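Asker: If you scroll down you'll find the structure; I have some questions about it.
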Amino acid sequence: MNGISSGFGAWNPIAWALLFVGVLAAGFLVRAFGKKSYKRGTGQTKVFLSGNEEPEASAALHVRGRHLYWGMIDGLSGYYRRVRALHTGVLNDYAAWFVGVLGLVFVILVLVR
Amino acid sequence: MTALTQHAPVLLIAVPLLGAFAVPLLGKLGRGARNTFVGLIALITAAFAGLLAAHIFGGGGAPTLYVLGGRGFGIPLPSGLSVPIRIILEPDGMSAFMALITALVTLTGAFFSFSYWKERSGGTLFYSLLMLLTAGIFGMELTGDMFNFFVFLEVTSIAACGLIGFRVWLKTSQEAGFKVMALYTLSGLFVLLAVGLLYGQYGGLNIAYLAGALTGSTLDIVALGLLLTGLTLKAGAVPLHMWAPDAYGEAPAPMSAVLVANSQASLYGLFRILFTLFGLTVSVAALGWILISLALLTIFVGVTMALVQNDIKRLIAYGAVSQIGYMLLGVGVGLAVSVTKPDFGFVAMQGGIFHMLNDAACIGLLFFASGAIVRAAGTRDLNRMGGLAHTMKWTSILFIIGAFALAGVPPFNGFASKFLIYEASFKLSPFLAVIAILSSILLLAVFVKVFQAAFLGARQEGLGGEAPMGMMVPMVALALVVVAFGLFPGFFVDRIVTPAANALWYGRDAYIGLVLGGGTP
């Protein structure tokens, strides 16, 4: 009742959820074998970033939206330059796109008649 | 069949339409009376959608007839005539499926708005436009007449423009409203021209009558091209999507969700025209590949453009654009292989149709959550947000659910419909499935960016608190739909998705026969 089949593949979310819970439980089990003799609040539980002490949390340290994926976006700068150039914000351009697509659809539909 | 069930098709349009004009009167009695009235109208409309769906899905998705102006509500042909001339509503499985989507989004949108729009003025006009938009969407989904379809398309356009440009004190809002008005008008004019071409040739406007009369002439092909392009624009497919980020981004948050349902109604119109009106009178494989090409462009451009947005609402808007591509891909693959591999074509159709409902729920949830976020942060700019999870724990959880679902992460509902699309697309060409899967992964990365930028990080100064209960309840309701459809996809596919796909795939003859065969006794 809960699963679906595509004819050559199947998806059962309940089975997936049970497996997920099982893996989670196994993770906690492994964690339970960990060392229990550590002392909280000492160097044993301190967080280090690249060998440096973690700076105190502050709004200034927040990684903001524009900082994420900048490398990937920079790598795709050629693509983005072209695609952004198409989004002019000018209504005439949008209408031109509409007419262009209409023409293309006409050509295809007439050719395949 | 009870009287309420029998009259449900017309009441689904009439109740919100009358409500739209009654809201200004109720507004004179005060905000409480007005909101109670709007809430009641939304609930009653949703109940009628449920009644209609139960009746139609109970019959396996077969069409039913509702005739206005005749001696009986099931008699489409006047005595002695062979041409249907009355106003006819002909809902079938697909219409009922769309009505459920519309009811879900407008009901939650109305209730979310009570809290969202509480401190702002102009609520009466706002709700009036919402009711008008609701009536128009239901009209598009239920009508069996091409001209009435155009009329309802225009009703939705006018109401949508009003809602997009509602915040007249914002220049960006006015600009978006103007752009949408111009492009919707262009789309509507081309649809009207196509309707005129069909009427001029065959002397009728009824979809079933036209479907039975079409010969595949050159003028038919011209009409098909006009309808396809006009409705694709209103659905927001690339490269005709340029209005969508402005519209979804500038409209009030709950209305952005309703606008997505409006775009889906146009997509429904396109599917109805391709499958029921034109059927096999044109090359379905060519039509399928046109849809697939538009779908790939829409998916890829939508997702990649979302990645570079720093305005949370525009980012979600591009995400919404990309999902239209998945629906087009499912139905496009279905059309392309309808003759060669019909079994997989039907699976693709199921995926595309199922994704309409899934998208409405999760994109609605994301737009609602964005409304709550903007309310707390006081900005839409992701570069100026951070640390919201400290004060908005529940909203952050709900946002994760919506984002995972939209990106197709199991076990949420987006995965279930995308799974069907991936599998069927792979059967046609692995390239299609690869683009679809990679874009979903990229969309997940997009929402990781939003979550990091808005919710994580240290607590910031001057942030508002958690969304009020009035906003939280509609968000939780949509999240429950997302989870339920994700955990039990088989249940919903069997009961509502398959009858909807059947109605389009196999139902053309029944649709035509119900009108031309004399209707129901």
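Identifiers in the structure tokens: chain A, B, ... in order shown; residue index from 1 per chain; ligand index from 1 in order shown.
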Please, which residues of chain A lie no more than 7 Å from chain B when the count uses only C-alpha atoms, and can they be set out as a PyMOL selection string?
Answerer: chain A and resi 1-4+6+13-14+57-59+62-66+68+87+91+94+97-98+102+105-106+109+112-113
Asker: Enumerate as a PDB file with N, CA and C atoms, in the first residue's frame all residues of segment 248-312 of chain B assigned to alpha helix (DSSP H) by DSSP on the backbone, naming them with the chain letters and numbers the document uses.
Answerer:
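result28.pdb was written with the following content:
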```
ATOM      1  N   TYR B 248       6.504  35.771  -7.973  1.00  0.00           N
ATOM      2  CA  TYR B 248       6.535  34.992  -6.729  1.00  0.00           C
ATOM      3  C   TYR B 248       7.321  35.752  -5.655  1.00  0.00           C
ATOM      4  N   GLY B 249       8.358  36.456  -6.095  1.00  0.00           N
ATOM      5  CA  GLY B 249       9.209  37.154  -5.134  1.00  0.00           C
ATOM      6  C   GLY B 249       8.529  38.369  -4.517  1.00  0.00           C
ATOM      7  N   GLU B 250       7.740  39.084  -5.305  1.00  0.00           N
ATOM      8  CA  GLU B 250       7.156  40.335  -4.815  1.00  0.00           C
ATOM      9  C   GLU B 250       5.778  40.169  -4.195  1.00  0.00           C
ATOM     10  N   ALA B 253       3.926  36.583   0.875  1.00  0.00           N
ATOM     11  CA  ALA B 253       4.362  35.175   0.948  1.00  0.00           C
ATOM     12  C   ALA B 253       3.239  34.149   0.747  1.00  0.00           C
ATOM     13  N   PRO B 254       2.090  34.269   1.454  1.00  0.00           N
ATOM     14  CA  PRO B 254       1.064  33.232   1.246  1.00  0.00           C
ATOM     15  C   PRO B 254       0.510  33.247  -0.178  1.00  0.00           C
ATOM     16  N   MET B 255       0.526  34.434  -0.804  1.00  0.00           N
ATOM     17  CA  MET B 255       0.000  34.523  -2.167  1.00  0.00           C
ATOM     18  C   MET B 255       0.978  33.934  -3.184  1.00  0.00           C
ATOM     19  N   SER B 256       2.271  33.924  -2.852  1.00  0.00           N
ATOM     20  CA  SER B 256       3.234  33.286  -3.749  1.00  0.00           C
ATOM     21  C   SER B 256       2.866  31.817  -3.924  1.00  0.00           C
ATOM     22  N   ALA B 257       2.453  31.183  -2.822  1.00  0.00           N
ATOM     23  CA  ALA B 257       2.060  29.767  -2.896  1.00  0.00           C
ATOM     24  C   ALA B 257       0.829  29.600  -3.771  1.00  0.00           C
ATOM     25  N   VAL B 258      -0.129  30.527  -3.629  1.00  0.00           N
ATOM     26  CA  VAL B 258      -1.358  30.431  -4.434  1.00  0.00           C
ATOM     27  C   VAL B 258      -1.033  30.693  -5.911  1.00  0.00           C
ATOM     28  N   LEU B 259      -0.062  31.572  -6.163  1.00  0.00           N
ATOM     29  CA  LEU B 259       0.338  31.843  -7.552  1.00  0.00           C
ATOM     30  C   LEU B 259       0.954  30.606  -8.212  1.00  0.00           C
ATOM     31  N   VAL B 260       1.632  29.786  -7.419  1.00  0.00           N
ATOM     32  CA  VAL B 260       2.167  28.535  -7.963  1.00  0.00           C
ATOM     33  C   VAL B 260       1.004  27.628  -8.384  1.00  0.00           C
ATOM     34  N   ALA B 261      -0.057  27.589  -7.569  1.00  0.00           N
ATOM     35  CA  ALA B 261      -1.243  26.805  -7.946  1.00  0.00           C
ATOM     36  C   ALA B 261      -1.860  27.377  -9.214  1.00  0.00           C
ATOM     37  N   ASN B 262      -1.802  28.690  -9.364  1.00  0.00           N
ATOM     38  CA  ASN B 262      -2.316  29.344 -10.569  1.00  0.00           C
ATOM     39  C   ASN B 262      -1.501  28.911 -11.801  1.00  0.00           C
ATOM     40  N   SER B 263      -0.184  28.876 -11.659  1.00  0.00           N
ATOM     41  CA  SER B 263       0.664  28.417 -12.765  1.00  0.00           C
ATOM     42  C   SER B 263       0.353  26.960 -13.104  1.00  0.00           C
ATOM     43  N   GLN B 264       0.115  26.170 -12.067  1.00  0.00           N
ATOM     44  CA  GLN B 264      -0.209  24.754 -12.301  1.00  0.00           C
ATOM     45  C   GLN B 264      -1.541  24.595 -13.034  1.00  0.00           C
ATOM     46  N   ALA B 265      -2.474  25.534 -12.781  1.00  0.00           N
ATOM     47  CA  ALA B 265      -3.759  25.469 -13.492  1.00  0.00           C
ATOM     48  C   ALA B 265      -3.538  25.687 -14.992  1.00  0.00           C
ATOM     49  N   SER B 266      -2.580  26.558 -15.333  1.00  0.00           N
ATOM     50  CA  SER B 266      -2.258  26.764 -16.752  1.00  0.00           C
ATOM     51  C   SER B 266      -1.627  25.507 -17.342  1.00  0.00           C
ATOM     52  N   LEU B 267      -0.797  24.868 -16.529  1.00  0.00           N
ATOM     53  CA  LEU B 267      -0.184  23.615 -16.968  1.00  0.00           C
ATOM     54  C   LEU B 267      -1.268  22.555 -17.184  1.00  0.00           C
ATOM     55  N   TYR B 268      -2.230  22.539 -16.275  1.00  0.00           N
ATOM     56  CA  TYR B 268      -3.373  21.624 -16.436  1.00  0.00           C
ATOM     57  C   TYR B 268      -4.084  21.914 -17.767  1.00  0.00           C
ATOM     58  N   GLY B 269      -4.298  23.210 -18.059  1.00  0.00           N
ATOM     59  CA  GLY B 269      -4.961  23.591 -19.305  1.00  0.00           C
ATOM     60  C   GLY B 269      -4.191  23.066 -20.507  1.00  0.00           C
ATOM     61  N   LEU B 270      -2.872  23.175 -20.434  1.00  0.00           N
ATOM     62  CA  LEU B 270      -2.028  22.684 -21.527  1.00  0.00           C
ATOM     63  C   LEU B 270      -2.195  21.175 -21.696  1.00  0.00           C
ATOM     64  N   PHE B 271      -2.191  20.440 -20.576  1.00  0.00           N
ATOM     65  CA  PHE B 271      -2.338  18.982 -20.642  1.00  0.00           C
ATOM     66  C   PHE B 271      -3.715  18.609 -21.199  1.00  0.00           C
ATOM     67  N   ARG B 272      -4.739  19.337 -20.749  1.00  0.00           N
ATOM     68  CA  ARG B 272      -6.105  19.065 -21.220  1.00  0.00           C
ATOM     69  C   ARG B 272      -6.184  19.259 -22.733  1.00  0.00           C
ATOM     70  N   VAL B 284       2.220  13.290 -31.617  1.00  0.00           N
ATOM     71  CA  VAL B 284       2.397  13.348 -30.166  1.00  0.00           C
ATOM     72  C   VAL B 284       3.876  13.241 -29.784  1.00  0.00           C
ATOM     73  N   ALA B 285       4.654  12.507 -30.582  1.00  0.00           N
ATOM     74  CA  ALA B 285       6.083  12.378 -30.269  1.00  0.00           C
ATOM     75  C   ALA B 285       6.768  13.737 -30.373  1.00  0.00           C
ATOM     76  N   ALA B 286       6.434  14.502 -31.427  1.00  0.00           N
ATOM     77  CA  ALA B 286       7.029  15.838 -31.586  1.00  0.00           C
ATOM     78  C   ALA B 286       6.616  16.742 -30.436  1.00  0.00           C
ATOM     79  N   LEU B 287       5.329  16.679 -30.073  1.00  0.00           N
ATOM     80  CA  LEU B 287       4.856  17.490 -28.935  1.00  0.00           C
ATOM     81  C   LEU B 287       5.595  17.096 -27.661  1.00  0.00           C
ATOM     82  N   GLY B 288       5.782  15.775 -27.500  1.00  0.00           N
ATOM     83  CA  GLY B 288       6.501  15.276 -26.326  1.00  0.00           C
ATOM     84  C   GLY B 288       7.901  15.844 -26.258  1.00  0.00           C
ATOM     85  N   TRP B 289       8.598  15.861 -27.400  1.00  0.00           N
ATOM     86  CA  TRP B 289       9.977  16.359 -27.396  1.00  0.00           C
ATOM     87  C   TRP B 289      10.024  17.874 -27.204  1.00  0.00           C
ATOM     88  N   ILE B 290       9.006  18.581 -27.664  1.00  0.00           N
ATOM     89  CA  ILE B 290       8.951  20.026 -27.383  1.00  0.00           C
ATOM     90  C   ILE B 290       8.855  20.235 -25.866  1.00  0.00           C
ATOM     91  N   LEU B 291       7.965  19.462 -25.234  1.00  0.00           N
ATOM     92  CA  LEU B 291       7.807  19.589 -23.775  1.00  0.00           C
ATOM     93  C   LEU B 291       9.083  19.176 -23.048  1.00  0.00           C
ATOM     94  N   ILE B 292       9.733  18.104 -23.534  1.00  0.00           N
ATOM     95  CA  ILE B 292      10.964  17.642 -22.877  1.00  0.00           C
ATOM     96  C   ILE B 292      12.050  18.718 -22.982  1.00  0.00           C
ATOM     97  N   SER B 293      12.174  19.349 -24.150  1.00  0.00           N
ATOM     98  CA  SER B 293      13.192  20.402 -24.321  1.00  0.00           C
ATOM     99  C   SER B 293      12.921  21.560 -23.368  1.00  0.00           C
ATOM    100  N   LEU B 294      11.658  21.976 -23.306  1.00  0.00           N
ATOM    101  CA  LEU B 294      11.308  23.065 -22.382  1.00  0.00           C
ATOM    102  C   LEU B 294      11.579  22.638 -20.937  1.00  0.00           C
ATOM    103  N   ALA B 295      11.291  21.352 -20.649  1.00  0.00           N
ATOM    104  CA  ALA B 295      11.467  20.843 -19.285  1.00  0.00           C
ATOM    105  C   ALA B 295      12.932  20.887 -18.867  1.00  0.00           C
ATOM    106  N   LEU B 296      13.820  20.420 -19.739  1.00  0.00           N
ATOM    107  CA  LEU B 296      15.247  20.382 -19.387  1.00  0.00           C
ATOM    108  C   LEU B 296      15.774  21.796 -19.157  1.00  0.00           C
ATOM    109  N   LEU B 297      15.376  22.709 -20.045  1.00  0.00           N
ATOM    110  CA  LEU B 297      15.788  24.106 -19.878  1.00  0.00           C
ATOM    111  C   LEU B 297      15.270  24.655 -18.550  1.00  0.00           C
ATOM    112  N   THR B 298      13.999  24.368 -18.267  1.00  0.00           N
ATOM    113  CA  THR B 298      13.364  24.901 -17.061  1.00  0.00           C
ATOM    114  C   THR B 298      14.037  24.364 -15.804  1.00  0.00           C
ATOM    115  N   ILE B 299      14.294  23.064 -15.800  1.00  0.00           N
ATOM    116  CA  ILE B 299      14.920  22.446 -14.624  1.00  0.00           C
ATOM    117  C   ILE B 299      16.312  23.046 -14.403  1.00  0.00           C
ATOM    118  N   PHE B 300      17.109  23.053 -15.448  1.00  0.00           N
ATOM    119  CA  PHE B 300      18.515  23.448 -15.287  1.00  0.00           C
ATOM    120  C   PHE B 300      18.664  24.945 -15.011  1.00  0.00           C
ATOM    121  N   VAL B 301      18.008  25.756 -15.829  1.00  0.00           N
ATOM    122  CA  VAL B 301      18.131  27.217 -15.629  1.00  0.00           C
ATOM    123  C   VAL B 301      17.503  27.620 -14.288  1.00  0.00           C
ATOM    124  N   GLY B 302      16.362  27.009 -13.947  1.00  0.00           N
ATOM    125  CA  GLY B 302      15.703  27.333 -12.676  1.00  0.00           C
ATOM    126  C   GLY B 302      16.622  27.072 -11.489  1.00  0.00           C
ATOM    127  N   VAL B 303      17.223  25.903 -11.464  1.00  0.00           N
ATOM    128  CA  VAL B 303      18.069  25.531 -10.324  1.00  0.00           C
ATOM    129  C   VAL B 303      19.354  26.369 -10.289  1.00  0.00           C
ATOM    130  N   THR B 304      20.000  26.527 -11.441  1.00  0.00           N
ATOM    131  CA  THR B 304      21.271  27.268 -11.426  1.00  0.00           C
ATOM    132  C   THR B 304      21.051  28.743 -11.098  1.00  0.00           C
ATOM    133  N   MET B 305      19.934  29.290 -11.540  1.00  0.00           N
ATOM    134  CA  MET B 305      19.653  30.685 -11.187  1.00  0.00           C
ATOM    135  C   MET B 305      19.295  30.822  -9.705  1.00  0.00           C
ATOM    136  N   ALA B 306      18.676  29.784  -9.139  1.00  0.00           N
ATOM    137  CA  ALA B 306      18.358  29.806  -7.705  1.00  0.00           C
ATOM    138  C   ALA B 306      19.642  29.892  -6.881  1.00  0.00           C
ATOM    139  N   LEU B 307      20.670  29.211  -7.358  1.00  0.00           N
ATOM    140  CA  LEU B 307      21.931  29.125  -6.614  1.00  0.00           C
ATOM    141  C   LEU B 307      22.570  30.501  -6.386  1.00  0.00           C
ATOM    142  N   ILE B 312      15.769  35.707  -0.440  1.00  0.00           N
ATOM    143  CA  ILE B 312      15.207  34.383  -0.111  1.00  0.00           C
ATOM    144  C   ILE B 312      13.971  34.056  -0.935  1.00  0.00           C
TER     145      ILE B 312
END
```
Asker: Could you give me, as a ChimeraX atom specification, each residue of segment 11-100 of chain A that DSSP assigns to strand (DSSP E) when run on this structure's backbone?
Answerer: /A:11,48-49,52-53
Asker: Rounded to one decimal, what separation in Å do you get between atom CA of Ala49 of chain B and atom CA of Gly513 of chain B?
Answerer: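 Computed distance, atom CA of Ala49 of chain B to atom CA of Gly513 of chain B, equals 24.4 Å.
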Asker: How many Å separate atom CA of Leu76 of chain A from atom CA of Leu438 of chain B?
Answerer: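 If I compute the distance from atom CA of Leu76 of chain A to atom CA of Leu438 of chain B, I get 15.6 Å.
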